[in-house]
Amino acid sequence: MGSRGIKDQVAIIGMGCTNFGEHWDKSVDDMLIEAAHAAYDSAGIAQDDIDAFWFGTLGSGTSGLTLSKPLKLDYKPVTRVENMCATGSEAFRNAAYAVASGAFDMVMAIGVEKLKDNGMSGLTGSSVPSDGTQATSTAPASFSLLAPAYADKYGVDPDEMKEVMARIAWKNHYNGARNPRAQFQKEVSQETICNAPLIAGQLGIFDCSGVSDGSAAAILVRAEDAHKYTDNPLYVKALSFTAGPARGPLDPDYDYTTFDEVARCAQDAYEQAGVTNPRAEIAMAEVHDCFTPTELVLMEDLGFAERGMGWKEVLAGTYDLDGELPVNPDGGLKSFGHPIGASGLRMLFECWLQLRNEAPDERQIKSVDQGKTLGLTHNLGGRPGECVSFAAIVGSELG
Amino acid sequence: MIEATIRNKGSKMRGILGYGAYVPYYRLRKESITAALGSGGGRGTRAVASYDEDATSMAVEAARALMRSSETPEPAVVSFSSVTPPYLDKTNANAIHAALNMPSSVFATDMTGSVRSTTGAMLAALNDSRPVLMTTSDVRTGRPGSSDEANLGDAAVALMVGSEIDGPVIAEWLGGASATGEFLDRWRQPGWPYSRVWEERFGEAAYKPLVSEAATAAFKDVEISSESVDAVIVTGLHSRAARGAAGAAGVGDKPVVDDLTSSVGNSGSSHGLLALCNLLDSAEPGQLIMVISLADGCDVNFFRTTDAISDYSPSTTVAQQIEDGNDDLDYQKFLTWRGFLDREPPRRPDPEPPAAPPSARNTQWKFGFMASRDRSSGMVHLPPQRVSLKGGAVDEMDMIPMADIEATVATYTIDRLAFSPSPPTIVVVIDFDGGGRFNCELTDADPEEVAIGMRVRMTFRRMLTADGVHNYFWKATPIR
């Protein structure tokens, strides 16, 4: 791929993240104010210090005004960003490039989504006038196609597959139970997960991420300026984004056991960061566990498991909080829900806590003590065979 | 297409060149009505259009059955007759015209409203000099517990009517006659979900002399005696009058063919031709068929099968479709499908209607189910793409029809969250024989029977109706 990357040119010096949940008592404005000011406080700066803003939301507002009005910004540039479920990450990526370009000294990436005000079950799409011929299947139905295809290709029997999916949900709820910002802060037994009502295909309720409201923000400066604000910044090692021809719905060769976009995106990110053995070098990963089979397939697309071996690694606990490579130590979309504009920045917030040893003891990962310094965040938007993918690698050390 | 350059109206043998019948997959066991309501119902079954079917979509399926059966000329006219047209103002036949990929030069017209409009459409076609594709289709309803609910049924028929210069005539129209009387037998205001009927003995008395008059005039018109008649078809929504019609017509001693009431039910405006299709499915050459239709009067028409019928093999028969029906349909589901039971929908956004401009831009795709095939790589794209997925060639595509190509299920899922009038939705990813992948709904199928490797074919359906707009498109259905 042709991306040069901006390794070690940009640093995060402060972050803020609201609690995620059913915020009946909070508006979009309230959440933006809360996340932005938490980030200012975290960096020890004032709002006026920020030169430009990148603001991500899928549907909780349009234009920079959605941010500038509640924050009362002083005529600053605000770029509104949307890239489906990778919206929050996309705000971060573009904000980082703005700093790297030299155009601005200090910028904010902020995302928000208010899903609970529309009164619907699950996510709802925006409607572009159409000819009425598009597939109308829901997100769980689209992602449920992964499970039987994976099981069939790698000879996993249906009961084992159900166990693998339940293990992923169990792990993420276990982690979320240790996170006061999570929407769901309770452990859920694998038995409860397996016996939940079906939503689509083999996916039960606990195989699907929740629906919540939330906001998160990050403040970025040039790497050389970072220590003016904090002793332990996080450095941007890699930023990758892919959108492809969406071959899945057209191509009989697509078999629903991989996300081409993610595999390409991960490869690009690892090259930018100089990572050659992701499973060994990455301390933790926050990945897009919108549905449990998604996380399974991502383990292989992100190079955390050999093809066809991800399910065994899941069962072996490789990605558990105390495993070799903790995945979604904050509880993931499973425990946080998925307020679209906020999710990618919420993932970075966990890297911010974990890589700087600031996570609560009950979920602080050990890989950091073992000297690993890199965290990966990953989002995808769309559905198997036709999605956009984002991957970032951040690290607590330069070089 | 066979080009007719010289026509000498009246001197050429004219009649039926081909036919196609469509009986929907589902059957309601009439006893399930009795079980639910404590009254109504009866013995046998009635055919039920699925929740995603209407008179237009069923007419398309009948026309497709016709076109699969034989080489047919391109018609000059496509007509649609129905008591239950999905639209007023807008011509319903245009959707049929588009689904059959017909050129704009073909005239599409509705002849709808009354049961008798089908006879009108048939006589117009027979008296024309050009090939005419006539379709007739009804979705019949009745108030819960009524005789109509139990004894009527849903079905569609398509006939290709033409002259011998257009192709082999399999059943020649010999002629006939009609008798008309103004009396109140059955009626329905536009928008009513079912029709009303007067006390039946009055109608029986009103029909009887009209049947005699029409039959007498018809025999005179064709100059044949009742002795020559080999089979009699009698149809009419007034069942008492229909039962006595053969006698009143002077052919009480002749075999009256099965009126399909205990299997399909009386399909109203399409029923006479459905019975004719059923007869033609097994007819011998030289059979004289008398068709008596009772609807606001009486119409009698004579057809004689020709030698060409021996070579005609329908792609599917009425009997086969009756046999393939699924009679597991719940009465509650039947009521829901027909709008008699207003059930709680999932907590999801209301479905949106298709927009007019993109639908018009994509008519070949939306209605005609045409894909684009890259000339260099051969890659087939559904929906049609301008830039090839394989090789990236731009605008190097041929449009190819996919509706009659069979496919195999590559993978599938059951969507229990999606809005559907009949949840859950079955979503399938299918790969067409010869190339092309498509992601769509599987209809007329049980979630339990879906499997990777299942063979499917495409069927034209009404996906939903929103803001009064019917969204027609294609779904897959199991090959049974």
# chains A, B, ... in the order shown; residues from 1 in each chain; ligands from 1
>>> select_by_dssp(residues="segment 84-143 of chain B", states="strand (DSSP E)", output="PyMOL selection string")
chain B and resi 107-110+132-138
>>> select_by_dssp(residues="segment 237-470 of chain B", states="alpha helix (DSSP H)", output="PyMOL selection string")
chain B and resi 239-243+245-248+271-280+318-323+331-337+356-361+363-366
>>> write_last_selection(atoms="N, CA and C atoms", output="short mmCIF file (atom, residue, chain, number, x, y, z; two decimals), in the first residue's frame")
data_model
loop_
_atom_site.label_atom_id
_atom_site.label_comp_id
_atom_site.auth_asym_id
_atom_site.auth_seq_id
_atom_site.Cartn_x
_atom_site.Cartn_y
_atom_site.Cartn_z
N SER B 239 -72.07 -19.81 -6.77
CA SER B 239 -71.86 -21.25 -6.94
C SER B 239 -73.16 -21.99 -7.24
N ARG B 240 -74.27 -21.54 -6.66
CA ARG B 240 -75.54 -22.20 -6.91
C ARG B 240 -75.94 -22.07 -8.37
N ALA B 241 -75.78 -20.88 -8.90
CA ALA B 241 -76.12 -20.65 -10.31
C ALA B 241 -75.17 -21.42 -11.22
N ALA B 242 -73.90 -21.48 -10.82
CA ALA B 242 -72.91 -22.19 -11.64
C ALA B 242 -73.23 -23.68 -11.69
N ARG B 243 -73.67 -24.21 -10.54
CA ARG B 243 -73.99 -25.65 -10.52
C ARG B 243 -75.11 -26.01 -11.50
N ALA B 245 -75.77 -24.35 -14.28
CA ALA B 245 -75.56 -23.69 -15.57
C ALA B 245 -75.46 -24.68 -16.73
N ALA B 246 -74.79 -25.83 -16.52
CA ALA B 246 -74.64 -26.79 -17.61
C ALA B 246 -76.02 -27.25 -18.09
N GLY B 247 -76.91 -27.50 -17.13
CA GLY B 247 -78.26 -27.90 -17.49
C GLY B 247 -78.98 -26.81 -18.26
N ALA B 248 -78.86 -25.59 -17.76
CA ALA B 248 -79.54 -24.47 -18.42
C ALA B 248 -78.98 -24.22 -19.81
N HIS B 271 -60.60 -17.34 -12.71
CA HIS B 271 -60.90 -18.75 -12.48
C HIS B 271 -61.30 -19.53 -13.72
N GLY B 272 -62.07 -18.92 -14.61
CA GLY B 272 -62.48 -19.64 -15.81
C GLY B 272 -61.29 -20.08 -16.63
N LEU B 273 -60.30 -19.20 -16.75
CA LEU B 273 -59.13 -19.53 -17.56
C LEU B 273 -58.21 -20.49 -16.81
N LEU B 274 -58.25 -20.46 -15.47
CA LEU B 274 -57.47 -21.43 -14.71
C LEU B 274 -58.01 -22.84 -14.98
N ALA B 275 -59.32 -22.96 -14.98
CA ALA B 275 -59.94 -24.26 -15.27
C ALA B 275 -59.62 -24.68 -16.71
N LEU B 276 -59.58 -23.71 -17.62
CA LEU B 276 -59.26 -24.02 -19.02
C LEU B 276 -57.80 -24.52 -19.11
N CYS B 277 -56.89 -23.85 -18.41
CA CYS B 277 -55.49 -24.28 -18.40
C CYS B 277 -55.38 -25.71 -17.87
N ASN B 278 -56.10 -25.96 -16.81
CA ASN B 278 -56.08 -27.29 -16.20
C ASN B 278 -56.54 -28.35 -17.20
N LEU B 279 -57.54 -27.99 -17.99
CA LEU B 279 -58.06 -28.92 -19.01
C LEU B 279 -57.04 -29.09 -20.14
N LEU B 280 -56.47 -27.97 -20.58
CA LEU B 280 -55.49 -28.02 -21.69
C LEU B 280 -54.25 -28.82 -21.30
N VAL B 318 -51.28 -27.14 -13.78
CA VAL B 318 -52.11 -26.72 -12.64
C VAL B 318 -52.10 -27.83 -11.59
N ALA B 319 -52.24 -29.06 -12.05
CA ALA B 319 -52.28 -30.19 -11.11
C ALA B 319 -50.99 -30.29 -10.31
N GLN B 320 -49.87 -30.05 -10.98
CA GLN B 320 -48.58 -30.11 -10.30
C GLN B 320 -48.49 -29.03 -9.22
N GLN B 321 -48.97 -27.85 -9.56
CA GLN B 321 -48.92 -26.75 -8.58
C GLN B 321 -49.87 -27.01 -7.41
N ILE B 322 -50.98 -27.65 -7.70
CA ILE B 322 -51.90 -27.99 -6.61
C ILE B 322 -51.21 -29.00 -5.69
N GLU B 323 -50.54 -29.96 -6.30
CA GLU B 323 -49.87 -31.00 -5.52
C GLU B 323 -48.71 -30.43 -4.70
N TYR B 331 -54.23 -20.24 10.22
CA TYR B 331 -55.33 -19.31 9.93
C TYR B 331 -54.96 -17.89 10.38
N GLN B 332 -54.26 -17.80 11.53
CA GLN B 332 -53.88 -16.47 12.04
C GLN B 332 -52.94 -15.76 11.06
N LYS B 333 -52.03 -16.55 10.47
CA LYS B 333 -51.08 -15.97 9.51
C LYS B 333 -51.83 -15.52 8.25
N PHE B 334 -52.78 -16.35 7.83
CA PHE B 334 -53.61 -16.00 6.67
C PHE B 334 -54.33 -14.67 6.92
N LEU B 335 -54.92 -14.54 8.10
CA LEU B 335 -55.63 -13.30 8.43
C LEU B 335 -54.66 -12.11 8.45
N THR B 336 -53.46 -12.34 8.99
CA THR B 336 -52.47 -11.27 9.07
C THR B 336 -52.05 -10.83 7.67
N TRP B 337 -51.78 -11.81 6.82
CA TRP B 337 -51.33 -11.50 5.46
C TRP B 337 -52.36 -10.67 4.70
N ALA B 356 -39.26 7.28 -6.95
CA ALA B 356 -39.60 7.16 -8.38
C ALA B 356 -38.40 7.29 -9.32
N PRO B 357 -37.54 8.32 -9.16
CA PRO B 357 -36.46 8.44 -10.17
C PRO B 357 -35.48 7.26 -10.19
N PRO B 358 -34.94 6.81 -9.03
CA PRO B 358 -34.03 5.66 -9.13
C PRO B 358 -34.73 4.40 -9.63
N SER B 359 -36.00 4.24 -9.28
CA SER B 359 -36.74 3.07 -9.78
C SER B 359 -36.85 3.14 -11.30
N ALA B 360 -37.09 4.33 -11.82
CA ALA B 360 -37.21 4.49 -13.27
C ALA B 360 -35.85 4.30 -13.96
N ARG B 361 -34.79 4.81 -13.32
CA ARG B 361 -33.45 4.64 -13.92
C ARG B 361 -33.07 3.17 -13.99
N THR B 363 -35.04 0.36 -14.13
CA THR B 363 -36.15 -0.54 -14.46
C THR B 363 -35.66 -1.91 -14.93
N GLN B 364 -34.59 -1.91 -15.72
CA GLN B 364 -34.08 -3.19 -16.24
C GLN B 364 -33.63 -4.11 -15.10
N TRP B 365 -33.14 -3.50 -14.05
CA TRP B 365 -32.69 -4.28 -12.89
C TRP B 365 -33.86 -4.61 -11.98
N LYS B 366 -34.57 -3.57 -11.56
CA LYS B 366 -35.60 -3.73 -10.54
C LYS B 366 -36.73 -4.63 -11.02
#
>>> residues_around(residues="Ala121 of chain B", least_positions_apart="2", cutoff="10 Å", atoms="only C-alpha atoms", output="JSON, numbers by chain")
{"B": [79, 80, 81, 109, 110, 111, 112, 116, 117, 118, 119, 123, 124, 125, 126, 127, 132, 133, 134, 135, 136]}
>>> write_last_selection(atoms="N, CA and C atoms", output="mmCIF file, in the first residue's frame")
data_model
loop_
_atom_site.group_PDB
_atom_site.id
_atom_site.type_symbol
_atom_site.label_atom_id
_atom_site.label_comp_id
_atom_site.auth_asym_id
_atom_site.auth_seq_id
_atom_site.Cartn_x
_atom_site.Cartn_y
_atom_site.Cartn_z
ATOM 1 N N SER B 79 -52.146 -7.230 -21.472
ATOM 2 C CA SER B 79 -53.267 -6.742 -20.672
ATOM 3 C C SER B 79 -53.312 -7.431 -19.324
ATOM 4 N N PHE B 80 -53.938 -6.773 -18.379
ATOM 5 C CA PHE B 80 -54.035 -7.280 -17.010
ATOM 6 C C PHE B 80 -55.476 -7.117 -16.548
ATOM 7 N N SER B 81 -56.078 -8.219 -16.159
ATOM 8 C CA SER B 81 -57.448 -8.177 -15.658
ATOM 9 C C SER B 81 -57.477 -8.654 -14.223
ATOM 10 N N THR B 109 -52.010 -2.448 -20.905
ATOM 11 C CA THR B 109 -53.272 -1.863 -20.448
ATOM 12 C C THR B 109 -53.942 -2.737 -19.400
ATOM 13 N N ASP B 110 -54.662 -2.079 -18.511
ATOM 14 C CA ASP B 110 -55.468 -2.788 -17.522
ATOM 15 C C ASP B 110 -56.894 -2.906 -18.031
ATOM 16 N N MET B 111 -57.519 -4.033 -17.721
ATOM 17 C CA MET B 111 -58.954 -4.182 -17.959
ATOM 18 C C MET B 111 -59.486 -4.776 -16.672
ATOM 19 N N THR B 112 -59.678 -3.906 -15.709
ATOM 20 C CA THR B 112 -59.869 -4.374 -14.343
ATOM 21 C C THR B 112 -61.168 -3.865 -13.727
ATOM 22 N N ARG B 116 -66.102 -9.878 -14.657
ATOM 23 C CA ARG B 116 -66.308 -10.095 -16.088
ATOM 24 C C ARG B 116 -65.246 -9.428 -16.952
ATOM 25 N N SER B 117 -64.419 -8.571 -16.356
ATOM 26 C CA SER B 117 -63.427 -7.857 -17.177
ATOM 27 C C SER B 117 -62.459 -8.830 -17.857
ATOM 28 N N THR B 118 -62.224 -10.000 -17.251
ATOM 29 C CA THR B 118 -61.343 -10.984 -17.894
ATOM 30 C C THR B 118 -61.951 -11.485 -19.203
ATOM 31 N N THR B 119 -63.260 -11.742 -19.186
ATOM 32 C CA THR B 119 -63.917 -12.162 -20.428
ATOM 33 C C THR B 119 -63.791 -11.058 -21.468
ATOM 34 N N LEU B 123 -62.016 -11.542 -25.049
ATOM 35 C CA LEU B 123 -62.697 -11.290 -26.328
ATOM 36 C C LEU B 123 -61.979 -10.204 -27.118
ATOM 37 N N ALA B 124 -61.448 -9.212 -26.420
ATOM 38 C CA ALA B 124 -60.675 -8.164 -27.116
ATOM 39 C C ALA B 124 -59.452 -8.776 -27.774
ATOM 40 N N ALA B 125 -58.795 -9.703 -27.061
ATOM 41 C CA ALA B 125 -57.600 -10.349 -27.606
ATOM 42 C C ALA B 125 -57.964 -11.232 -28.800
ATOM 43 N N LEU B 126 -59.073 -11.968 -28.654
ATOM 44 C CA LEU B 126 -59.469 -12.885 -29.729
ATOM 45 C C LEU B 126 -59.934 -12.126 -30.966
ATOM 46 N N ASN B 127 -60.518 -10.966 -30.761
ATOM 47 C CA ASN B 127 -61.003 -10.175 -31.892
ATOM 48 C C ASN B 127 -59.936 -9.254 -32.474
ATOM 49 N N VAL B 132 -51.551 -11.085 -28.595
ATOM 50 C CA VAL B 132 -51.884 -10.380 -27.357
ATOM 51 C C VAL B 132 -51.557 -11.283 -26.174
ATOM 52 N N LEU B 133 -50.810 -10.735 -25.206
ATOM 53 C CA LEU B 133 -50.575 -11.459 -23.958
ATOM 54 C C LEU B 133 -51.580 -10.929 -22.947
ATOM 55 N N MET B 134 -52.534 -11.780 -22.589
ATOM 56 C CA MET B 134 -53.486 -11.344 -21.569
ATOM 57 C C MET B 134 -53.206 -12.061 -20.263
ATOM 58 N N THR B 135 -53.252 -11.298 -19.193
ATOM 59 C CA THR B 135 -53.062 -11.905 -17.874
ATOM 60 C C THR B 135 -54.288 -11.605 -17.027
ATOM 61 N N THR B 136 -54.579 -12.525 -16.145
ATOM 62 C CA THR B 136 -55.699 -12.323 -15.226
ATOM 63 C C THR B 136 -55.328 -12.909 -13.879
#
>>> closest_residue(among="B:Val427, B:Met458, B:Ala171, B:Ala466", to="chain A", atoms="only C-alpha atoms")
B:Val427
>>> closest_residue(among="B:Leu464, B:Leu184, B:Ile224, B:Ala476", to="Pro353 of chain B", atoms="only C-alpha atoms")
B:Leu464
>>> residues_around(residues="segment 268-273 of chain A", least_positions_apart="2", cutoff="9 Å", atoms="only C-alpha atoms", output="number ranges by chain")
A: 1-7, 236-241, 263-266, 275-278, 391-394
>>> closest_residue(among="B:Val229, B:Leu382, B:Ile170, B:Leu288", to="Ile16 of chain B", atoms="only C-alpha atoms")
B:Ile170
>>> decode(residues="segment 240-316 of chain A", atoms="C-alpha atoms", output="PDB file, in the first residue's frame")
ATOM      1  CA  SER A 240      -4.801   2.951   8.336  1.00  0.00           C
ATOM      2  CA  PHE A 241      -8.130   3.083   6.597  1.00  0.00           C
ATOM      3  CA  THR A 242      -9.495   0.956   3.765  1.00  0.00           C
ATOM      4  CA  ALA A 243     -12.613   1.070   1.627  1.00  0.00           C
ATOM      5  CA  GLY A 244     -12.734  -1.430  -1.191  1.00  0.00           C
ATOM      6  CA  PRO A 245     -14.857  -2.541  -4.129  1.00  0.00           C
ATOM      7  CA  ALA A 246     -17.287  -4.282  -1.743  1.00  0.00           C
ATOM      8  CA  ARG A 247     -16.839  -7.567  -3.539  1.00  0.00           C
ATOM      9  CA  GLY A 248     -18.729  -9.781  -1.075  1.00  0.00           C
ATOM     10  CA  PRO A 249     -22.230  -9.297  -2.466  1.00  0.00           C
ATOM     11  CA  LEU A 250     -20.991  -9.671  -6.055  1.00  0.00           C
ATOM     12  CA  ASP A 251     -18.269 -12.276  -5.969  1.00  0.00           C
ATOM     13  CA  PRO A 252     -18.988 -15.996  -5.619  1.00  0.00           C
ATOM     14  CA  ASP A 253     -15.379 -16.425  -4.436  1.00  0.00           C
ATOM     15  CA  TYR A 254     -16.078 -14.498  -1.226  1.00  0.00           C
ATOM     16  CA  ASP A 255     -16.721 -17.058   1.520  1.00  0.00           C
ATOM     17  CA  TYR A 256     -17.732 -14.991   4.586  1.00  0.00           C
ATOM     18  CA  THR A 257     -14.766 -16.073   6.736  1.00  0.00           C
ATOM     19  CA  THR A 258     -12.714 -12.880   6.433  1.00  0.00           C
ATOM     20  CA  PHE A 259     -12.970  -9.142   6.026  1.00  0.00           C
ATOM     21  CA  ASP A 260     -10.671  -8.295   3.093  1.00  0.00           C
ATOM     22  CA  GLU A 261     -10.730  -4.655   4.172  1.00  0.00           C
ATOM     23  CA  VAL A 262      -9.492  -5.503   7.661  1.00  0.00           C
ATOM     24  CA  ALA A 263      -6.707  -7.789   6.512  1.00  0.00           C
ATOM     25  CA  ARG A 264      -5.418  -5.097   4.138  1.00  0.00           C
ATOM     26  CA  CYS A 265      -5.826  -2.359   6.730  1.00  0.00           C
ATOM     27  CA  ALA A 266      -3.974  -4.346   9.409  1.00  0.00           C
ATOM     28  CA  GLN A 267      -1.126  -5.131   7.053  1.00  0.00           C
ATOM     29  CA  ASP A 268      -0.772  -1.431   6.246  1.00  0.00           C
ATOM     30  CA  ALA A 269      -0.870  -0.442   9.918  1.00  0.00           C
ATOM     31  CA  TYR A 270       1.775  -3.010  10.893  1.00  0.00           C
ATOM     32  CA  GLU A 271       4.044  -1.809   8.095  1.00  0.00           C
ATOM     33  CA  GLN A 272       3.676   1.802   9.214  1.00  0.00           C
ATOM     34  CA  ALA A 273       4.433   0.879  12.824  1.00  0.00           C
ATOM     35  CA  GLY A 274       7.215  -1.578  11.980  1.00  0.00           C
ATOM     36  CA  VAL A 275       5.381  -4.432  13.657  1.00  0.00           C
ATOM     37  CA  THR A 276       6.324  -7.806  12.236  1.00  0.00           C
ATOM     38  CA  ASN A 277       4.774 -10.155  14.771  1.00  0.00           C
ATOM     39  CA  PRO A 278       1.598  -8.510  15.996  1.00  0.00           C
ATOM     40  CA  ARG A 279       0.599 -11.267  18.367  1.00  0.00           C
ATOM     41  CA  ALA A 280       3.916 -10.999  20.196  1.00  0.00           C
ATOM     42  CA  GLU A 281       4.477  -7.253  19.957  1.00  0.00           C
ATOM     43  CA  ILE A 282       1.046  -5.787  20.690  1.00  0.00           C
ATOM     44  CA  ALA A 283       0.203  -5.352  24.375  1.00  0.00           C
ATOM     45  CA  MET A 284      -3.554  -5.103  23.892  1.00  0.00           C
ATOM     46  CA  ALA A 285      -6.174  -4.636  21.227  1.00  0.00           C
ATOM     47  CA  GLU A 286      -9.550  -2.974  21.184  1.00  0.00           C
ATOM     48  CA  VAL A 287     -11.439  -4.504  18.268  1.00  0.00           C
ATOM     49  CA  HIS A 288     -14.853  -4.079  16.701  1.00  0.00           C
ATOM     50  CA  ASP A 289     -16.819  -6.821  18.469  1.00  0.00           C
ATOM     51  CA  CYS A 290     -20.203  -5.731  17.094  1.00  0.00           C
ATOM     52  CA  PHE A 291     -21.154  -9.409  17.106  1.00  0.00           C
ATOM     53  CA  THR A 292     -19.224 -12.314  18.586  1.00  0.00           C
ATOM     54  CA  PRO A 293     -18.330 -13.988  15.253  1.00  0.00           C
ATOM     55  CA  THR A 294     -16.932 -10.638  14.115  1.00  0.00           C
ATOM     56  CA  GLU A 295     -14.364 -10.709  16.930  1.00  0.00           C
ATOM     57  CA  LEU A 296     -13.462 -14.301  16.051  1.00  0.00           C
ATOM     58  CA  VAL A 297     -12.804 -13.481  12.399  1.00  0.00           C
ATOM     59  CA  LEU A 298     -10.936 -10.298  13.371  1.00  0.00           C
ATOM     60  CA  MET A 299      -8.439 -12.309  15.415  1.00  0.00           C
ATOM     61  CA  GLU A 300      -7.334 -13.911  12.158  1.00  0.00           C
ATOM     62  CA  ASP A 301      -7.603 -10.826   9.944  1.00  0.00           C
ATOM     63  CA  LEU A 302      -5.517  -8.822  12.446  1.00  0.00           C
ATOM     64  CA  GLY A 303      -2.859 -11.536  12.571  1.00  0.00           C
ATOM     65  CA  PHE A 304      -3.535 -12.538  16.179  1.00  0.00           C
ATOM     66  CA  ALA A 305      -4.172 -16.134  15.115  1.00  0.00           C
ATOM     67  CA  GLU A 306      -3.373 -18.343  12.160  1.00  0.00           C
ATOM     68  CA  ARG A 307      -6.203 -18.832   9.646  1.00  0.00           C
ATOM     69  CA  GLY A 308      -8.636 -21.390  11.009  1.00  0.00           C
ATOM     70  CA  MET A 309      -7.058 -21.353  14.451  1.00  0.00           C
ATOM     71  CA  GLY A 310      -8.759 -18.325  15.976  1.00  0.00           C
ATOM     72  CA  TRP A 311     -11.534 -20.391  17.544  1.00  0.00           C
ATOM     73  CA  LYS A 312      -9.032 -22.555  19.378  1.00  0.00           C
ATOM     74  CA  GLU A 313      -7.204 -19.484  20.677  1.00  0.00           C
ATOM     75  CA  VAL A 314     -10.498 -18.057  21.911  1.00  0.00           C
ATOM     76  CA  LEU A 315     -11.251 -21.251  23.818  1.00  0.00           C
ATOM     77  CA  ALA A 316      -7.674 -21.367  25.153  1.00  0.00           C
TER      78      ALA A 316
END
